[in-house]
file upload.json (JSON, C-alpha atoms)
[["chain", "number", "residue", "atom", "x", "y", "z"],
["A", 445, "MET", "CA", 0.00, 0.00, 0.00],
["A", 446, "LYS", "CA", 2.84, 2.40, 0.89],
["A", 447, "LYS", "CA", 4.51, 1.80, -2.49],
["A", 448, "PHE", "CA", 1.18, 2.34, -4.23],
["A", 449, "LEU", "CA", 0.68, 5.67, -2.46],
["A", 450, "ILE", "CA", 4.17, 6.81, -3.39],
["A", 451, "PHE", "CA", 3.56, 5.79, -7.01],
["A", 452, "ALA", "CA", 0.20, 7.55, -7.10],
["A", 453, "THR", "CA", 1.73, 10.68, -5.64],
["A", 454, "VAL", "CA", 4.46, 10.73, -8.28],
["A", 455, "VAL", "CA", 1.90, 10.26, -11.06],
["A", 456, "LEU", "CA", -0.30, 13.02, -9.65],
["A", 457, "MET", "CA", 2.64, 15.44, -9.42],
["A", 458, "ALA", "CA", 3.60, 14.66, -13.01],
["A", 459, "LEU", "CA", 0.04, 15.32, -14.19],
["A", 460, "LEU", "CA", -0.09, 18.62, -12.29],
["A", 461, "ALA", "CA", 3.24, 19.67, -13.77],
["A", 462, "ALA", "CA", 2.01, 18.83, -17.26],
["A", 463, "CYS", "CA", -1.16, 20.83, -16.69],
["A", 464, "GLY", "CA", 0.92, 23.76, -15.47],
["A", 465, "GLN", "CA", 3.06, 23.88, -18.58],
["A", 466, "ASP", "CA", 2.31, 26.63, -21.08],
["A", 467, "ASN", "CA", 1.24, 24.78, -24.19],
["A", 468, "SER", "CA", -0.55, 27.77, -25.67],
["A", 469, "ASP", "CA", 2.16, 28.74, -28.14],
["A", 470, "PRO", "CA", 1.02, 28.00, -31.69],
["A", 471, "ASP", "CA", 2.65, 25.36, -33.85],
["A", 472, "GLU", "CA", 2.66, 27.93, -36.65],
["A", 473, "LEU", "CA", 3.70, 31.53, -36.14],
["A", 474, "VAL", "CA", 2.16, 34.14, -38.43],
["A", 475, "MET", "CA", 4.46, 37.06, -39.20],
["A", 476, "GLY", "CA", 2.63, 40.17, -40.39],
["A", 477, "PHE", "CA", 3.91, 42.96, -42.61],
["A", 478, "VAL", "CA", 2.39, 46.25, -43.73],
["A", 479, "PRO", "CA", 2.68, 47.33, -47.37],
["A", 480, "SER", "CA", 5.59, 49.57, -48.27],
["A", 481, "GLN", "CA", 5.43, 48.16, -51.79],
["A", 482, "ASP", "CA", 3.36, 45.61, -53.72],
["A", 483, "SER", "CA", 1.88, 43.09, -51.24],
["A", 484, "ASP", "CA", 2.64, 40.02, -53.35],
["A", 485, "THR", "CA", 6.23, 41.19, -53.76],
["A", 486, "ILE", "CA", 6.72, 41.47, -49.99],
["A", 487, "VAL", "CA", 5.47, 37.94, -49.29],
["A", 488, "GLU", "CA", 7.60, 36.49, -52.07],
["A", 489, "THR", "CA", 10.67, 38.42, -50.91],
["A", 490, "VAL", "CA", 10.42, 37.39, -47.25],
["A", 491, "GLU", "CA", 9.75, 33.68, -47.86],
["A", 492, "PRO", "CA", 13.45, 32.76, -47.37],
["A", 493, "LEU", "CA", 13.48, 34.75, -44.12],
["A", 494, "ALA", "CA", 10.37, 32.91, -42.90],
["A", 495, "ASP", "CA", 11.95, 29.58, -43.85],
["A", 496, "GLU", "CA", 15.10, 30.43, -41.89],
["A", 497, "LEU", "CA", 13.04, 31.43, -38.84],
["A", 498, "SER", "CA", 11.13, 28.16, -39.13],
["A", 499, "GLU", "CA", 14.40, 26.26, -39.06],
["A", 500, "ILE", "CA", 15.74, 28.15, -36.04],
["A", 501, "LEU", "CA", 12.51, 28.12, -34.02],
["A", 502, "GLY", "CA", 11.49, 24.56, -34.87],
["A", 503, "ARG", "CA", 7.98, 25.55, -35.96],
["A", 504, "ASP", "CA", 6.39, 26.87, -39.13],
["A", 505, "VAL", "CA", 6.54, 30.62, -39.73],
["A", 506, "GLU", "CA", 4.08, 32.01, -42.25],
["A", 507, "PRO", "CA", 4.52, 35.53, -43.67],
["A", 508, "THR", "CA", 1.47, 37.57, -44.58],
["A", 509, "THR", "CA", 0.99, 41.12, -45.84],
["A", 510, "MET", "CA", -1.94, 42.97, -44.31],
["A", 511, "THR", "CA", -4.09, 45.47, -46.17],
["A", 512, "SER", "CA", -3.17, 48.34, -43.82],
["A", 513, "TYR", "CA", -1.42, 49.26, -40.59],
["A", 514, "ASN", "CA", -4.70, 49.03, -38.73],
["A", 515, "ALA", "CA", -5.37, 45.55, -40.13],
["A", 516, "LEU", "CA", -2.03, 44.38, -38.73],
["A", 517, "VAL", "CA", -2.79, 45.88, -35.32],
["A", 518, "GLU", "CA", -6.21, 44.22, -35.27],
["A", 519, "GLY", "CA", -4.69, 40.94, -36.46],
["A", 520, "MET", "CA", -2.32, 40.98, -33.50],
["A", 521, "GLY", "CA", -5.17, 41.95, -31.20],
["A", 522, "SER", "CA", -7.19, 38.94, -32.30],
["A", 523, "GLY", "CA", -4.18, 36.63, -32.08],
["A", 524, "THR", "CA", -4.22, 35.69, -35.76],
["A", 525, "VAL", "CA", -0.84, 37.44, -36.22],
["A", 526, "HIS", "CA", 1.88, 36.67, -33.67],
["A", 527, "ILE", "CA", 4.87, 38.72, -34.85],
["A", 528, "GLY", "CA", 4.37, 42.13, -36.39],
["A", 529, "PHE", "CA", 6.68, 44.39, -38.36],
["A", 530, "ILE", "CA", 4.94, 47.54, -37.16],
["A", 531, "PRO", "CA", 5.95, 51.19, -37.59],
["A", 532, "ALA", "CA", 6.14, 53.28, -34.45],
["A", 533, "PHE", "CA", 2.58, 54.64, -34.45],
["A", 534, "GLY", "CA", 1.02, 51.26, -35.19],
["A", 535, "TYR", "CA", 3.09, 49.76, -32.40],
["A", 536, "VAL", "CA", 1.86, 52.39, -29.90],
["A", 537, "MET", "CA", -1.75, 51.61, -30.84],
["A", 538, "ALA", "CA", -1.14, 47.87, -30.55],
["A", 539, "HIS", "CA", 0.56, 48.32, -27.18],
["A", 540, "ASP", "CA", -2.21, 50.51, -25.79],
["A", 541, "ASP", "CA", -5.09, 48.39, -27.08],
["A", 542, "TYR", "CA", -3.70, 44.85, -26.92],
["A", 543, "ASP", "CA", -0.52, 44.88, -24.78],
["A", 544, "VAL", "CA", 1.63, 44.09, -27.81],
["A", 545, "GLU", "CA", 5.28, 44.48, -26.85],
["A", 546, "VAL", "CA", 8.22, 45.73, -28.91],
["A", 547, "ILE", "CA", 11.30, 43.48, -28.78],
["A", 548, "LEU", "CA", 13.42, 44.78, -31.67],
["A", 549, "LYS", "CA", 13.74, 47.72, -34.02],
["A", 550, "SER", "CA", 15.47, 48.49, -37.29],
["A", 551, "VAL", "CA", 18.65, 50.35, -38.09],
["A", 552, "ARG", "CA", 18.66, 52.31, -41.34],
["A", 553, "HIS", "CA", 21.74, 54.03, -42.72],
["A", 554, "GLY", "CA", 23.37, 53.61, -39.30],
["A", 555, "ASP", "CA", 20.50, 55.35, -37.48],
["A", 556, "GLU", "CA", 17.89, 54.02, -35.04],
["A", 557, "SER", "CA", 15.50, 56.85, -35.91],
["A", 558, "TYR", "CA", 14.41, 58.52, -39.13],
["A", 559, "GLN", "CA", 12.41, 61.43, -40.50],
["A", 560, "ALA", "CA", 9.39, 61.75, -42.72],
["A", 561, "GLN", "CA", 9.92, 63.72, -45.91],
["A", 562, "TYR", "CA", 7.69, 65.88, -48.09],
["A", 563, "LEU", "CA", 8.09, 64.96, -51.76],
["A", 564, "VAL", "CA", 6.97, 67.22, -54.63],
["A", 565, "ARG", "CA", 7.77, 67.41, -58.31],
["A", 566, "GLN", "CA", 10.78, 69.54, -59.18],
["A", 567, "ASP", "CA", 8.68, 71.46, -61.70],
["A", 568, "SER", "CA", 5.73, 72.07, -59.33],
["A", 569, "GLY", "CA", 6.83, 75.45, -58.02],
["A", 570, "ILE", "CA", 6.27, 74.18, -54.46],
["A", 571, "GLU", "CA", 9.21, 75.19, -52.28],
["A", 572, "THR", "CA", 7.95, 75.40, -48.68],
["A", 573, "LEU", "CA", 5.36, 73.80, -46.44],
["A", 574, "ALA", "CA", 3.24, 76.94, -46.71],
["A", 575, "ASP", "CA", 2.99, 76.34, -50.46],
["A", 576, "LEU", "CA", 1.12, 73.08, -49.77],
["A", 577, "GLU", "CA", -2.07, 74.85, -48.72],
["A", 578, "GLY", "CA", -4.81, 73.97, -51.19],
["A", 579, "LYS", "CA", -2.72, 71.22, -52.78],
["A", 580, "THR", "CA", -3.46, 67.49, -53.01],
["A", 581, "TRP", "CA", -1.77, 65.24, -50.44],
["A", 582, "ALA", "CA", -1.02, 61.53, -50.98],
["A", 583, "TYR", "CA", -0.01, 59.41, -47.97],
["A", 584, "ALA", "CA", 0.25, 55.69, -47.35],
["A", 585, "ASP", "CA", -2.16, 55.16, -44.48],
["A", 586, "ALA", "CA", -3.72, 57.21, -41.69],
["A", 587, "ALA", "CA", -1.97, 54.97, -39.14],
["A", 588, "SER", "CA", 1.45, 55.48, -40.73],
["A", 589, "THR", "CA", 3.92, 57.25, -38.46],
["A", 590, "SER", "CA", 5.94, 58.90, -41.22],
["A", 591, "GLY", "CA", 3.26, 58.81, -43.90],
["A", 592, "PHE", "CA", 0.63, 60.63, -41.88],
["A", 593, "LEU", "CA", 0.97, 61.10, -38.11],
["A", 594, "PHE", "CA", 4.16, 63.17, -37.81],
["A", 595, "PRO", "CA", 3.57, 65.28, -40.94],
["A", 596, "ALA", "CA", -0.01, 66.00, -39.87],
["A", 597, "SER", "CA", 1.12, 67.02, -36.39],
["A", 598, "GLN", "CA", 3.86, 69.26, -37.80],
["A", 599, "LEU", "CA", 1.53, 71.01, -40.24],
["A", 600, "MET", "CA", -1.14, 71.52, -37.59],
["A", 601, "ASP", "CA", 1.40, 73.13, -35.26],
["A", 602, "GLU", "CA", 3.01, 75.30, -37.91],
["A", 603, "PHE", "CA", -0.21, 76.63, -39.42],
["A", 604, "SER", "CA", -2.44, 76.70, -36.31],
["A", 605, "ILE", "CA", -4.81, 74.04, -37.62],
["A", 606, "GLU", "CA", -7.01, 72.73, -34.82],
["A", 607, "THR", "CA", -8.06, 69.27, -35.97],
["A", 608, "GLN", "CA", -7.05, 66.55, -38.36],
["A", 609, "ALA", "CA", -10.32, 67.02, -40.23],
["A", 610, "ASP", "CA", -9.53, 70.71, -40.76],
["A", 611, "LEU", "CA", -6.14, 69.73, -42.13],
["A", 612, "THR", "CA", -7.29, 67.07, -44.58],
["A", 613, "SER", "CA", -10.61, 68.56, -45.62],
["A", 614, "ASN", "CA", -10.01, 72.31, -45.50],
["A", 615, "TRP", "CA", -6.32, 73.22, -45.50],
["A", 616, "PHE", "CA", -5.37, 70.72, -48.18],
["A", 617, "GLY", "CA", -7.30, 70.68, -51.42],
["A", 618, "GLY", "CA", -7.55, 66.91, -51.10],
["A", 619, "ALA", "CA", -5.96, 64.15, -49.01],
["A", 620, "ASN", "CA", -5.89, 60.50, -50.03],
["A", 621, "ALA", "CA", -4.64, 57.33, -48.36],
["A", 622, "VAL", "CA", -3.13, 55.24, -51.16],
["A", 623, "GLY", "CA", -1.92, 52.18, -49.26],
["A", 624, "ALA", "CA", 1.89, 52.31, -49.46],
["A", 625, "HIS", "CA", 4.76, 54.80, -49.33],
["A", 626, "ASP", "CA", 5.94, 53.78, -52.80],
["A", 627, "THR", "CA", 2.46, 54.37, -54.16],
["A", 628, "ALA", "CA", 2.24, 57.81, -52.53],
["A", 629, "ALA", "CA", 5.53, 58.86, -54.12],
["A", 630, "LEU", "CA", 4.38, 57.59, -57.51],
["A", 631, "GLU", "CA", 1.15, 59.57, -57.21],
["A", 632, "VAL", "CA", 3.30, 62.70, -57.24],
["A", 633, "TYR", "CA", 5.67, 61.33, -59.88],
["A", 634, "GLU", "CA", 2.70, 60.71, -62.21],
["A", 635, "GLY", "CA", 1.17, 64.12, -61.46],
["A", 636, "ASP", "CA", -1.88, 62.72, -59.63],
["A", 637, "ALA", "CA", -1.00, 64.43, -56.34],
["A", 638, "ASP", "CA", 1.02, 67.50, -55.41],
["A", 639, "VAL", "CA", 2.82, 66.18, -52.33],
["A", 640, "ALA", "CA", 3.56, 62.82, -50.76],
["A", 641, "THR", "CA", 4.74, 62.24, -47.22],
["A", 642, "THR", "CA", 6.93, 59.15, -46.91],
["A", 643, "PHE", "CA", 9.80, 57.69, -44.96],
["A", 644, "ASP", "CA", 13.26, 58.99, -45.89],
["A", 645, "ASP", "CA", 14.14, 58.07, -48.59],
["A", 646, "VAL", "CA", 11.45, 56.12, -50.40],
["A", 647, "ARG", "CA", 13.00, 57.05, -53.75],
["A", 648, "ASP", "CA", 15.75, 54.48, -53.13],
["A", 649, "ASN", "CA", 13.13, 51.73, -53.47],
["A", 650, "LEU", "CA", 11.87, 53.11, -56.77],
["A", 651, "GLU", "CA", 15.03, 54.08, -58.61],
["A", 652, "ASP", "CA", 15.48, 50.74, -60.41],
["A", 653, "ASP", "CA", 12.04, 51.02, -62.04],
["A", 654, "TYR", "CA", 12.06, 54.83, -62.31],
["A", 655, "PRO", "CA", 15.68, 55.86, -63.01],
["A", 656, "ASP", "CA", 14.82, 59.56, -63.14],
["A", 657, "ILE", "CA", 12.90, 59.66, -59.87],
["A", 658, "PHE", "CA", 15.59, 61.67, -58.05],
["A", 659, "ASP", "CA", 15.43, 64.21, -60.85],
["A", 660, "VAL", "CA", 11.63, 64.37, -60.99],
["A", 661, "LEU", "CA", 10.89, 64.37, -57.24],
["A", 662, "THR", "CA", 12.51, 66.64, -54.67],
["A", 663, "VAL", "CA", 12.27, 66.91, -50.88],
["A", 664, "ILE", "CA", 11.13, 70.28, -49.55],
["A", 665, "ASP", "CA", 11.18, 69.53, -45.81],
["A", 666, "TYR", "CA", 11.42, 66.90, -43.06],
["A", 667, "THR", "CA", 9.64, 66.17, -39.79],
["A", 668, "ASP", "CA", 11.22, 65.63, -36.39],
["A", 669, "HIS", "CA", 12.98, 62.32, -35.80],
["A", 670, "ILE", "CA", 10.86, 59.19, -35.35],
["A", 671, "PRO", "CA", 11.95, 55.93, -33.66],
["A", 672, "ASN", "CA", 12.50, 53.23, -36.26],
["A", 673, "ASP", "CA", 10.04, 50.47, -37.12],
["A", 674, "THR", "CA", 9.56, 47.62, -34.68],
["A", 675, "ILE", "CA", 9.39, 43.87, -34.55],
["A", 676, "SER", "CA", 6.72, 43.31, -31.92],
["A", 677, "VAL", "CA", 4.99, 40.27, -30.43],
["A", 678, "ILE", "CA", 1.61, 39.51, -28.90],
["A", 679, "PRO", "CA", 1.44, 38.98, -25.11],
["A", 680, "GLU", "CA", 0.08, 35.43, -25.43],
["A", 681, "LEU", "CA", 3.49, 34.07, -26.47],
["A", 682, "ASN", "CA", 5.47, 32.76, -23.52],
["A", 683, "ASP", "CA", 8.71, 34.42, -22.49],
["A", 684, "ASP", "CA", 10.94, 31.58, -23.64],
["A", 685, "LEU", "CA", 9.53, 31.66, -27.15],
["A", 686, "VAL", "CA", 9.81, 35.46, -27.28],
["A", 687, "ASP", "CA", 13.47, 35.17, -26.27],
["A", 688, "GLU", "CA", 14.00, 32.62, -29.06],
["A", 689, "ILE", "CA", 12.33, 34.93, -31.58],
["A", 690, "ARG", "CA", 14.46, 37.87, -30.42],
["A", 691, "GLU", "CA", 17.70, 35.90, -30.68],
["A", 692, "ALA", "CA", 16.74, 34.46, -34.06],
["A", 693, "PHE", "CA", 16.25, 37.91, -35.56],
["A", 694, "LEU", "CA", 19.42, 39.25, -33.94],
["A", 695, "SER", "CA", 21.35, 36.37, -35.49],
["A", 696, "PHE", "CA", 20.37, 37.72, -38.92],
["A", 697, "ASN", "CA", 22.82, 40.58, -38.35],
["A", 698, "GLU", "CA", 25.52, 38.01, -39.13],
["A", 699, "ASP", "CA", 23.67, 36.65, -42.16],
["A", 700, "GLU", "CA", 24.08, 38.85, -45.22],
["A", 701, "ASP", "CA", 21.25, 37.11, -47.11],
["A", 702, "MET", "CA", 18.72, 37.71, -44.34],
["A", 703, "ILE", "CA", 19.69, 41.35, -43.83],
["A", 704, "GLN", "CA", 19.51, 41.88, -47.58],
["A", 705, "ILE", "CA", 15.92, 40.63, -47.51],
["A", 706, "MET", "CA", 15.05, 43.17, -44.81],
["A", 707, "ASN", "CA", 16.83, 45.83, -46.82],
["A", 708, "ASP", "CA", 14.85, 44.92, -49.93],
["A", 709, "VAL", "CA", 11.53, 45.08, -48.06],
["A", 710, "TYR", "CA", 11.98, 47.98, -45.61],
["A", 711, "THR", "CA", 15.52, 49.34, -46.19],
["A", 712, "TRP", "CA", 16.74, 47.83, -42.90],
["A", 713, "ASP", "CA", 20.51, 47.50, -42.49],
["A", 714, "ALA", "CA", 20.51, 45.85, -39.06],
["A", 715, "ILE", "CA", 18.27, 44.78, -36.17],
["A", 716, "VAL", "CA", 18.77, 45.88, -32.54],
["A", 717, "GLU", "CA", 16.91, 45.37, -29.27],
["A", 718, "ALA", "CA", 14.25, 47.90, -28.31],
["A", 719, "GLU", "CA", 12.09, 48.90, -25.34],
["A", 720, "HIS", "CA", 8.69, 50.56, -25.05],
["A", 721, "SER", "CA", 10.14, 53.68, -23.40],
["A", 722, "GLU", "CA", 11.82, 54.61, -26.70],
["A", 723, "TYR", "CA", 8.36, 55.11, -28.26],
["A", 724, "GLU", "CA", 6.95, 57.54, -25.70],
["A", 725, "VAL", "CA", 7.48, 60.46, -28.11],
["A", 726, "VAL", "CA", 5.17, 58.69, -30.56],
["A", 727, "ALA", "CA", 2.66, 57.90, -27.80],
["A", 728, "GLU", "CA", 2.43, 61.60, -26.97],
["A", 729, "THR", "CA", 1.60, 62.44, -30.58],
["A", 730, "TYR", "CA", -0.87, 59.54, -30.76],
["A", 731, "ASP", "CA", -2.74, 61.01, -27.78],
["A", 732, "ARG", "CA", -3.31, 64.15, -29.84],
["A", 733, "PHE", "CA", -5.10, 62.18, -32.57],
["A", 734, "ARG", "CA", -6.65, 59.40, -30.53],
["A", 735, "ASP", "CA", -10.24, 60.65, -30.63],
["A", 736, "GLU", "CA", -10.47, 61.69, -34.24],
["A", 737, "ILE", "CA", -7.95, 59.92, -36.42],
["A", 738, "SER", "CA", -9.52, 57.71, -39.06],
["A", 739, "LEU", "CA", -7.91, 54.32, -39.52],
["A", 740, "ASP", "CA", -10.22, 52.96, -42.22]]

call {"tool": "encode", "arguments": {"input": "upload.json", "output": "C-alpha cells"}}
result
Amino acid sequence: MKKFLIFATVVLMALLAACGQDNSDPDELVMGFVPSQDSDTIVETVEPLADELSEILGRDVEPTTMTSYNALVEGMGSGTVHIGFIPAFGYVMAHDDYDVEVILKSVRHGDESYQAQYLVRQDSGIETLADLEGKTWAYADAASTSGFLFPASQLMDEFSIETQADLTSNWFGGANAVGAHDTAALEVYEGDADVATTFDDVRDNLEDDYPDIFDVLTVIDYTDHIPNDTISVIPELNDDLVDEIREAFLSFNEDEDMIQIMNDVYTWDAIVEAEHSEYEVVAETYDRFRDEISLD
C-alpha cells in the first residue's frame, strides 16, 4: 500500500506539472507585414526569411501582408498574427489596445531613428510647407507614423490648424490614403497628387524602375525624428519563445542574405533590441489624434 501511495503521488505530481506547462504557443507563427510596396512582392521576398526562422525556431513561420497598418494591429489583437513588423505609431496603438510588446527595431543608414519627408515634383513650383495649402496630399495610411501622423502634427502646429479634419478637408485641397509609401511617391511622380509624405528616402526603393525619380521628385522639408520600425509580439506568447524569436532575428545581423531581404523590403541595415520607453514620443503624438484619427 505504501509503495502504491508513493507511485500515485508521483503520477499526480507529473500530471499537475504537465497541466501547469504553457502549451498555448502556436505550432505555426504568423508574421505580419504592412505594405511599403506591392503586397505580393513582400510575401515572395520574405519567404526565405520565414523559412530560416522556421528552421531556427522549430515551428512553421508564415509571412502575410496585411491590407493596412490598422489591419495588422487588429490581427495581432485577435491573435491571428503573432509577430508584427509595425511602424512606431502602429506599435503604440497595438501596445495601448492589446498589450503588444516591442522586442526589436530596425537600423537604417546607421540610425535608429528617421524622418518623414515631403516629396513634390521639381517642376511644381512648391518650395515650402506653406505652399502646400490647397494642394493634393497623398499618404500611405492614416496609421502610418511617417506617412501621416508626424507630418499631420507638424503642419497643424506650424499653421495653427485645430483638428485633423480641418487639415485634410479644408487646409489641403484633397488628401488620399493610397496604401503604401511607394504608391504615394508615384502619385506625385505621375502628377496625380502635389505632395507625398513618406519615410526617408522612399526614392531608393523606386530608382530601379524609375531611373529619373531623383530628378523628378525633390524633398522640400522633413519632420522631427521618429523611432524606427519595430518587430513586436503579442502577449500570449510565452517568455521563452519570445526570447528565441528575439535571438533568431538578432542572429540575422551576421547573415548577409537575411539582412539583404530586410533591406529589400523595408531598407533595414541591421536589427537591434528595443524597449517601449523609446516610443513615448510617438505615444504623446498619438494622444493628440486618438479621438479623431480615421484608420479605415

call {"tool": "closest_residue", "arguments": {"input": "upload.json", "among": "A:Asp543, A:Glu496, A:Asp471, A:Asp708", "to": "A:Phe696", "atoms": "all atoms listed in the file"}}
result
A:Glu496

call {"tool": "residues_around", "arguments": {"input": "upload.json", "residues": "A:Asp701", "least_positions_apart": "5", "cutoff": "9 Å", "atoms": "all atoms listed in the file", "output": "ChimeraX atom specification"}}
result
/A:492-493,696,706

call {"tool": "closest_residue", "arguments": {"input": "upload.json", "among": "A:Pro671, A:Pro470, A:Gly623, A:Pro655", "to": "A:Val525", "atoms": "all atoms listed in the file"}}
result
A:Pro470

call {"tool": "atom_distance", "arguments": {"input": "upload.json", "atom1": "atom CA of A:Ser676", "atom2": "atom CA of A:Asp504"}}
result
18.0 Å

call {"tool": "residues_around", "arguments": {"input": "upload.json", "residues": "A:Gly569", "least_positions_apart": "2", "cutoff": "12 Å", "atoms": "all atoms listed in the file", "output": "list of chain:residue names"}}
result
A:Val564, A:Arg565, A:Gln566, A:Asp567, A:Glu571, A:Thr572, A:Leu573, A:Ala574, A:Asp575, A:Leu576, A:Lys579, A:Asp638, A:Val639, A:Leu661, A:Thr662, A:Ile664

call {"tool": "residues_around", "arguments": {"input": "upload.json", "residues": "A:Arg732", "least_positions_apart": "5", "cutoff": "10 Å", "atoms": "all atoms listed in the file", "output": "mmCIF file with C-alpha atoms, in the frame of the given file"}}
result
data_model
loop_
_atom_site.group_PDB
_atom_site.id
_atom_site.type_symbol
_atom_site.label_atom_id
_atom_site.label_comp_id
_atom_site.auth_asym_id
_atom_site.auth_seq_id
_atom_site.Cartn_x
_atom_site.Cartn_y
_atom_site.Cartn_z
ATOM 1 C CA LEU A 593 0.970 61.100 -38.110
ATOM 2 C CA SER A 597 1.120 67.020 -36.390
ATOM 3 C CA THR A 607 -8.060 69.270 -35.970
ATOM 4 C CA GLN A 608 -7.050 66.550 -38.360
ATOM 5 C CA ALA A 727 2.660 57.900 -27.800
ATOM 6 C CA ILE A 737 -7.950 59.920 -36.420
#

call {"tool": "residues_near_point", "arguments": {"input": "upload.json", "point": "(11.4, 47.7, -34.6)", "cutoff": "7 Å", "atoms": "all atoms listed in the file", "output": "ChimeraX atom specification"}}
result
/A:529-530,546,548-550,672-676,718
